[in-house]
Structures are given as structure tokens and as C-alpha cells.
Amino acid sequence: MDGILKNLADTISHAVDYAKEKVTDITRSTSVTILQLSEHIMNQPETKQIEKDLLGIVYSFYHLQKEDVSYYLEMKSSHILQLDVYSHDHTIVSYRSYRDHSSLPTPIKFPKNLLSKLIS
């Protein structure tokens with residue numbers, strides 16, 4: 001009986017994974033958290049970083065341009081203050097810590113083709 005239940009659970013898990021993959025392919029988007037996106041921006045060799053020490057607090061500003069997509073990340077120490085992603089004058093992501101702090105760990109839809117450009 002345990003073997004049947006395990007097989008059923010595995011089959012359902014594979015079906016869910018397949019459905020998620022198909023939805024991602026159809027919508028051409030995938031899910032990513034603000035934290036994951038910020039890490040990708042910081043770790044790109046093309047990213048320009050500026051650090052400023054203001055009243056003893058270190059602020060970091062990251063700018064990245066990949067093809068027609070602009071990425072901007074602002075941090076206070078390791079705390080994300082702002083993250084913006086723009087393409088063709090359209091906002092793809094706009095995160096502000098004072099407004100969206102509770103959504104930091106929540107996955108957001110992000111165009112799959114832009115994420116692959118960022119990762120590649």
C-alpha cells in the first residue's frame with residue numbers, strides 16, 4: 001500500500017511540475033523573488049556599483065544595462081531599498097522597501113527571456 005501511495009504522490013508531483021513548465025512556456029514568464037533578482041544584478045560583471053558612506057551608513061547603488069533592459073538596485077548595507085527593471089520605457093519590476101517590504105520573499109512573474117539575458 002505504501003508503494004502505491006508513493007507512486008501516486010510521485011505521479012502527481014511530476015504532473016504539477018509539467019503543468020508549471022507549460023504555463024511558464026505559454027506565458028513566457030517565470031517566477032523570481034526580489035532577493036534572487038537583486039543577487040543576479042549584483043553578481044553580473046557588467047554591473048556598475050557605486051558605494052557612498054552617508055553618516056556612517058554604507059549605501060550601494062547598482063546599475064546594469066543588458067541590451068534594452070535597465071536594472072537599478074539600491075541597498076543600505078544588505079537591506080534592499082529599491083529595485084527597478086525597465087524595458088522600452090515600461091516598468092517590469094518596481095520594488096520599494098517602504099511600500100513592498102512584506103512582498104520581498106514572494107515570487108513575482110518576470111519575463112523568461114529577460115531573466116535568461118540577465119543570467120547569461
# chains A, B, ... in the order shown; residues from 1 in each chain; ligands from 1
>>> residues_around(residues="stretch 83-97 of chain A", least_positions_apart="2", cutoff="6 Å", atoms="only C-alpha atoms", output="list in words")
Asp68, Val69, Ser70, Tyr71, Tyr72, Leu73, Leu81, Arg99, Asp100 and His101 of chain A
>>> atom_distance(atom1="atom CA of A:Gly56", atom2="atom CA of A:Ile41")
24.8 Å
